[in-house]
Amino acid sequence: MERNLGRVQGLSGYEIAVKNGFTGTEQEWLVTLRGEKGEKGEKGDTGIYDDTELKNKIINVENLIGDVNAKYTDINERINVLESKSASHIYGVKRNIEISDPAWERIEDSIGLVANATHDGTEVKNDFDNIYPWSDIISYNYDTQAQRITAFYGEPTFKFDGTNGEVMTRFPEFWYKREQKLEEDGNTYEYVYIADGKVEGFIKSEQFSLARYPSFIDEPKQEIHSKSGVKGSTNINVDILRNYTKALGNKFCLMDWHYFLIQLLFLVEYANYNSQEILGQGTTALQEIATNGECDSLEMKSGCLIDDGYHSVIYRGIENVFGNLAQILEGVMKGKIRYNSQEYGLDYTEGTYNELSYEVTGIRGFIKELGYDINNPIIQMPKTVSRNASSSTYITDSWSSYDISVEGDISVICVGVYYQASSIPTNGLWSYSFLYSTKTGVGSRFLLNK
């Protein structure tokens, strides 16, 4: 028996209405379905809604966002540190400060590098010739009237004799760090670093320039110059030297604390305190002031042409950086240091200065230890002298403090020992003297902060 399982179609609402007597159209029928508007009802009671759970969720989300932001900031800082380290090369040396050996150990990117200086003008291997910042140290001519560079070394118009302007040597910007640390073996080690880019914890050295030669004073013209073919001038009152130097331009001053930066560059390059062994004896045996320009043929190389105690040496474009001419360190006092060149020449009681945390020794002799001040790490002044120290041990250089009374004169700290001080033959990068500026053999060198 078959069954009909098909769909049965019923009547619509409108068809049912027609069947029951409705006579209008379907649209009219739809209108009849809408009732009249009712009366307004009474206002109900206010409902109670607990939003505590929602508020707690919002607080949790805000805390989560804060945590994410903090982690993002921390990650960014870590990335910046890593990028700065990876983008920069760090060249360093370390040394146990108690040992007598003046040599340092190469560390960081300095490991395996070789540095030599010529003692006879011949070519030698020095990896630092191609490493920044050493590679970018360069001499140039500077017109003090126009206040501009006229030529760099290597250009056709460059002159050593001063006819194209003062002969300066430019040190590019770099980053440095000097620190001392007590280590697990119970010894204190000193670390010196030079970096070619920004590194966390390092100090930036802005670009500066130092006169290639000791200052020559043209007394008739009352001018100060850096040029070859003349002797460095001595016996000049420091106030007169300051006035002549300021006349070069408002960014000029006598050589100051920037000298300590040159010491750091030398240390990291040669890993040894003994600058006379590395570069040559210099004019330590000469009983007169050397003539500027003896090392011009070495150009930008370091060392000397003849190593016999009677001839000049040069380090990276600075001739006779040490020798028998004691050169004034402006702003450096016995136990105090000024960094603001505008205050050079002021009395101890005037202006601002930083007091070193260690006492600079008042005893003459060979230096056993240089001071370290965490707030003035670059300043390396003699802390201890010793009979056990010599020209080949510890710092290998000397500290001379002479009690010489010259009426109306000013005592100054100098680098180097004047040529009549034959009782102390050593005279390298770390030799210092406490002298009066008009003493025979006390000269100067000027600096450009630019």
# chains A, B, ... in the order shown; residues from 1 in each chain; ligands from 1
>>> closest_atom_pairs(of="range 293-381 of chain A", to="range 240-253 of chain A", cutoff="12 Å", atoms="only C-alpha atoms", output="Markdown table")
| residue | atom | partner | partner_atom | distance |
| --- | --- | --- | --- | --- |
| A:Gln327 | CA | A:Leu241 | CA | 11.6 |
| A:Ile328 | CA | A:Leu241 | CA | 9.9 |
| A:Leu329 | CA | A:Cys253 | CA | 10.4 |
| A:Glu330 | CA | A:Cys253 | CA | 8.0 |
| A:Gly331 | CA | A:Cys253 | CA | 10.1 |
| A:Tyr339 | CA | A:Cys253 | CA | 11.7 |
| A:Asn340 | CA | A:Cys253 | CA | 10.5 |
| A:Ser341 | CA | A:Cys253 | CA | 6.9 |
| A:Gln342 | CA | A:Cys253 | CA | 8.9 |
| A:Glu343 | CA | A:Cys253 | CA | 10.7 |
| A:Tyr344 | CA | A:Cys253 | CA | 8.5 |
| A:Gly345 | CA | A:Arg242 | CA | 8.1 |
| A:Leu346 | CA | A:Arg242 | CA | 11.7 |
>>> write_last_selection(atoms="all heavy atoms", output="short mmCIF file (atom, residue, chain, number, x, y, z; two decimals), in the first residue's frame")
data_model
loop_
_atom_site.label_atom_id
_atom_site.label_comp_id
_atom_site.auth_asym_id
_atom_site.auth_seq_id
_atom_site.Cartn_x
_atom_site.Cartn_y
_atom_site.Cartn_z
N GLN A 327 106.99 70.88 29.20
CA GLN A 327 105.89 71.64 28.61
C GLN A 327 104.73 71.78 29.60
O GLN A 327 104.30 70.79 30.20
CB GLN A 327 105.42 70.94 27.33
CG GLN A 327 106.52 70.84 26.28
CD GLN A 327 106.18 69.88 25.16
OE1 GLN A 327 105.15 70.01 24.51
NE2 GLN A 327 107.05 68.91 24.92
N ILE A 328 104.23 72.98 29.72
CA ILE A 328 103.20 73.30 30.71
C ILE A 328 101.91 72.54 30.44
O ILE A 328 101.42 72.46 29.31
CB ILE A 328 102.92 74.82 30.70
CG1 ILE A 328 104.15 75.58 31.18
CG2 ILE A 328 101.71 75.16 31.56
CD1 ILE A 328 104.07 77.09 30.99
N LEU A 329 101.35 71.97 31.52
CA LEU A 329 100.02 71.33 31.47
C LEU A 329 99.03 72.31 32.09
O LEU A 329 98.91 72.40 33.32
CB LEU A 329 100.03 70.01 32.25
CG LEU A 329 100.35 68.74 31.50
CD1 LEU A 329 100.18 67.53 32.43
CD2 LEU A 329 99.47 68.57 30.27
N GLU A 330 98.34 73.03 31.26
CA GLU A 330 97.40 74.06 31.73
C GLU A 330 96.23 73.43 32.48
O GLU A 330 95.68 72.39 32.08
CB GLU A 330 96.89 74.85 30.53
CG GLU A 330 95.93 75.99 30.88
CD GLU A 330 96.63 77.17 31.53
OE1 GLU A 330 97.05 77.02 32.69
OE2 GLU A 330 96.71 78.24 30.90
N GLY A 331 95.86 74.04 33.60
CA GLY A 331 94.70 73.59 34.36
C GLY A 331 94.98 72.42 35.28
O GLY A 331 94.12 72.02 36.06
N TYR A 339 88.79 71.46 34.11
CA TYR A 339 88.44 71.01 32.77
C TYR A 339 87.92 72.14 31.89
O TYR A 339 87.86 72.01 30.68
CB TYR A 339 87.38 69.90 32.84
CG TYR A 339 87.87 68.64 33.50
CD1 TYR A 339 87.48 68.31 34.80
CD2 TYR A 339 88.71 67.76 32.84
CE1 TYR A 339 87.92 67.15 35.41
CE2 TYR A 339 89.16 66.59 33.44
CZ TYR A 339 88.75 66.29 34.73
OH TYR A 339 89.20 65.14 35.33
N ASN A 340 87.51 73.24 32.51
CA ASN A 340 86.95 74.38 31.78
C ASN A 340 88.07 75.33 31.36
O ASN A 340 88.67 76.01 32.19
CB ASN A 340 85.93 75.11 32.66
CG ASN A 340 85.26 76.25 31.95
OD1 ASN A 340 85.55 76.55 30.78
ND2 ASN A 340 84.34 76.92 32.63
N SER A 341 88.35 75.39 30.06
CA SER A 341 89.45 76.21 29.56
C SER A 341 89.23 77.70 29.81
O SER A 341 90.20 78.48 29.81
CB SER A 341 89.67 75.96 28.07
OG SER A 341 88.52 76.32 27.32
N GLN A 342 87.98 78.10 30.04
CA GLN A 342 87.71 79.52 30.30
C GLN A 342 88.20 79.94 31.68
O GLN A 342 88.30 81.14 31.97
CB GLN A 342 86.19 79.79 30.19
CG GLN A 342 85.60 79.47 28.82
CD GLN A 342 86.27 80.24 27.69
OE1 GLN A 342 86.45 81.45 27.80
NE2 GLN A 342 86.64 79.54 26.63
N GLU A 343 88.52 78.97 32.53
CA GLU A 343 88.96 79.28 33.89
C GLU A 343 90.46 79.06 34.09
O GLU A 343 90.96 79.18 35.20
CB GLU A 343 88.18 78.43 34.90
CG GLU A 343 86.69 78.72 34.93
CD GLU A 343 85.96 77.94 36.01
OE1 GLU A 343 86.58 77.02 36.59
OE2 GLU A 343 84.80 78.25 36.28
N TYR A 344 91.16 78.75 33.02
CA TYR A 344 92.60 78.55 33.15
C TYR A 344 93.27 79.85 33.58
O TYR A 344 92.97 80.92 33.07
CB TYR A 344 93.21 78.08 31.82
CG TYR A 344 92.81 76.67 31.43
CD1 TYR A 344 92.95 76.23 30.13
CD2 TYR A 344 92.28 75.78 32.37
CE1 TYR A 344 92.60 74.93 29.75
CE2 TYR A 344 91.92 74.49 32.01
CZ TYR A 344 92.08 74.07 30.70
OH TYR A 344 91.72 72.80 30.34
N GLY A 345 94.15 79.73 34.54
CA GLY A 345 94.85 80.90 35.03
C GLY A 345 94.27 81.47 36.31
O GLY A 345 94.90 82.31 36.96
N LEU A 346 93.08 80.99 36.70
CA LEU A 346 92.47 81.47 37.94
C LEU A 346 93.20 80.88 39.15
O LEU A 346 93.78 79.80 39.09
CB LEU A 346 90.99 81.09 38.00
CG LEU A 346 90.07 81.73 36.95
CD1 LEU A 346 88.64 81.25 37.18
CD2 LEU A 346 90.13 83.25 37.01
#
>>> closest_atom_pairs(of="range 256-337 of chain A", to="range 138-157 of chain A", cutoff="8 Å", atoms="only C-alpha atoms", output="JSON lines")
{"residue": "A:Met300", "atom": "CA", "partner": "A:Ile138", "partner_atom": "CA", "distance": 6.8}
{"residue": "A:Arg316", "atom": "CA", "partner": "A:Ile138", "partner_atom": "CA", "distance": 7.8}
{"residue": "A:Gly317", "atom": "CA", "partner": "A:Ser139", "partner_atom": "CA", "distance": 6.2}
>>> write_last_selection(atoms="N, CA, C and O atoms", output="PDB file, in the first residue's frame")
ATOM      1  N   MET A 300     103.444  60.890   9.321  1.00  0.00           N
ATOM      2  CA  MET A 300     102.506  60.568  10.398  1.00  0.00           C
ATOM      3  C   MET A 300     102.920  59.311  11.169  1.00  0.00           C
ATOM      4  O   MET A 300     102.152  58.800  11.990  1.00  0.00           O
ATOM      5  N   ARG A 316     102.585  59.829  16.624  1.00  0.00           N
ATOM      6  CA  ARG A 316     101.337  60.127  15.904  1.00  0.00           C
ATOM      7  C   ARG A 316     101.180  61.614  15.588  1.00  0.00           C
ATOM      8  O   ARG A 316     100.124  62.224  15.815  1.00  0.00           O
ATOM      9  N   GLY A 317     102.233  62.234  15.043  1.00  0.00           N
ATOM     10  CA  GLY A 317     102.127  63.627  14.622  1.00  0.00           C
ATOM     11  C   GLY A 317     102.401  64.644  15.703  1.00  0.00           C
ATOM     12  O   GLY A 317     102.200  65.850  15.485  1.00  0.00           O
TER      13      GLY A 317
END
>>> residues_around(residues="Tyr191 in chain A", least_positions_apart="4", cutoff="12 Å", atoms="only C-alpha atoms", output="PyMOL selection string")
chain A and resi 90-97+104-108+176-183+264+267-268+271+372+377-378
>>> select_by_dssp(residues="range 14-258 of chain A", states="alpha helix (DSSP H)", output="ChimeraX atom specification")
/A:14-19,26-31,52-87,238-246,258
>>> select_by_dssp(residues="range 61-244 of chain A", states="strand (DSSP E)", output="number ranges by chain")
A: 90-96, 105-108, 138-143, 148-152, 166-171, 174-182, 188-195, 203-205, 208-211, 216-218, 223-225
>>> atom_distance(atom1="CA of Lys368 in chain A", atom2="CA of Asp101 in chain A")
10.7 Å
>>> closest_residue(among="A:Phe322, A:Asp218, A:Val412, A:Ile194", to="Asp109 in chain A", atoms="only C-alpha atoms")
A:Ile194
>>> residues_around(residues="range 350-357 of chain A", least_positions_apart="4", cutoff="6 Å", atoms="only C-alpha atoms", output="number ranges by chain")
A: 335-338, 346, 373
>>> write_last_selection(atoms="N, CA, C and O atoms", output="mmCIF file, in the first residue's frame")
data_model
loop_
_atom_site.group_PDB
_atom_site.id
_atom_site.type_symbol
_atom_site.label_atom_id
_atom_site.label_comp_id
_atom_site.auth_asym_id
_atom_site.auth_seq_id
_atom_site.Cartn_x
_atom_site.Cartn_y
_atom_site.Cartn_z
ATOM 1 N N GLY A 335 97.299 67.943 42.709
ATOM 2 C CA GLY A 335 96.147 67.387 43.415
ATOM 3 C C GLY A 335 94.820 67.943 42.965
ATOM 4 O O GLY A 335 93.769 67.567 43.491
ATOM 5 N N LYS A 336 94.831 68.840 41.976
ATOM 6 C CA LYS A 336 93.598 69.449 41.485
ATOM 7 C C LYS A 336 93.618 69.494 39.958
ATOM 8 O O LYS A 336 94.675 69.507 39.348
ATOM 9 N N ILE A 337 92.426 69.577 39.372
ATOM 10 C CA ILE A 337 92.332 69.617 37.908
ATOM 11 C C ILE A 337 91.157 70.489 37.491
ATOM 12 O O ILE A 337 90.071 70.409 38.075
ATOM 13 N N ARG A 338 91.386 71.346 36.508
ATOM 14 C CA ARG A 338 90.299 72.119 35.893
ATOM 15 C C ARG A 338 90.057 71.559 34.497
ATOM 16 O O ARG A 338 90.997 71.242 33.766
ATOM 17 N N LEU A 346 93.081 80.985 36.703
ATOM 18 C CA LEU A 346 92.471 81.470 37.937
ATOM 19 C C LEU A 346 93.196 80.882 39.146
ATOM 20 O O LEU A 346 93.783 79.796 39.087
ATOM 21 N N ASP A 373 91.573 57.913 40.274
ATOM 22 C CA ASP A 373 90.408 58.530 40.905
ATOM 23 C C ASP A 373 89.200 58.167 40.063
ATOM 24 O O ASP A 373 89.132 58.519 38.884
#
>>> atom_distance(atom1="CA of Trp430 in chain A", atom2="CA of Asp397 in chain A")
5.6 Å
>>> residues_around(residues="range 273-288 of chain A", least_positions_apart="4", cutoff="6 Å", atoms="only C-alpha atoms", output="list in words")
Pro102, Ala117, Gly303, Asp307, Gly309, Tyr310, His311, Ser312, Val313, Gly323, Asn324, Ile395, Thr396, Tyr419 and Gly428 of chain A
>>> closest_residue(among="A:Thr349, A:Gln380, A:Thr118, A:Ser433", to="Ser297 in chain A", atoms="only C-alpha atoms")
A:Thr118
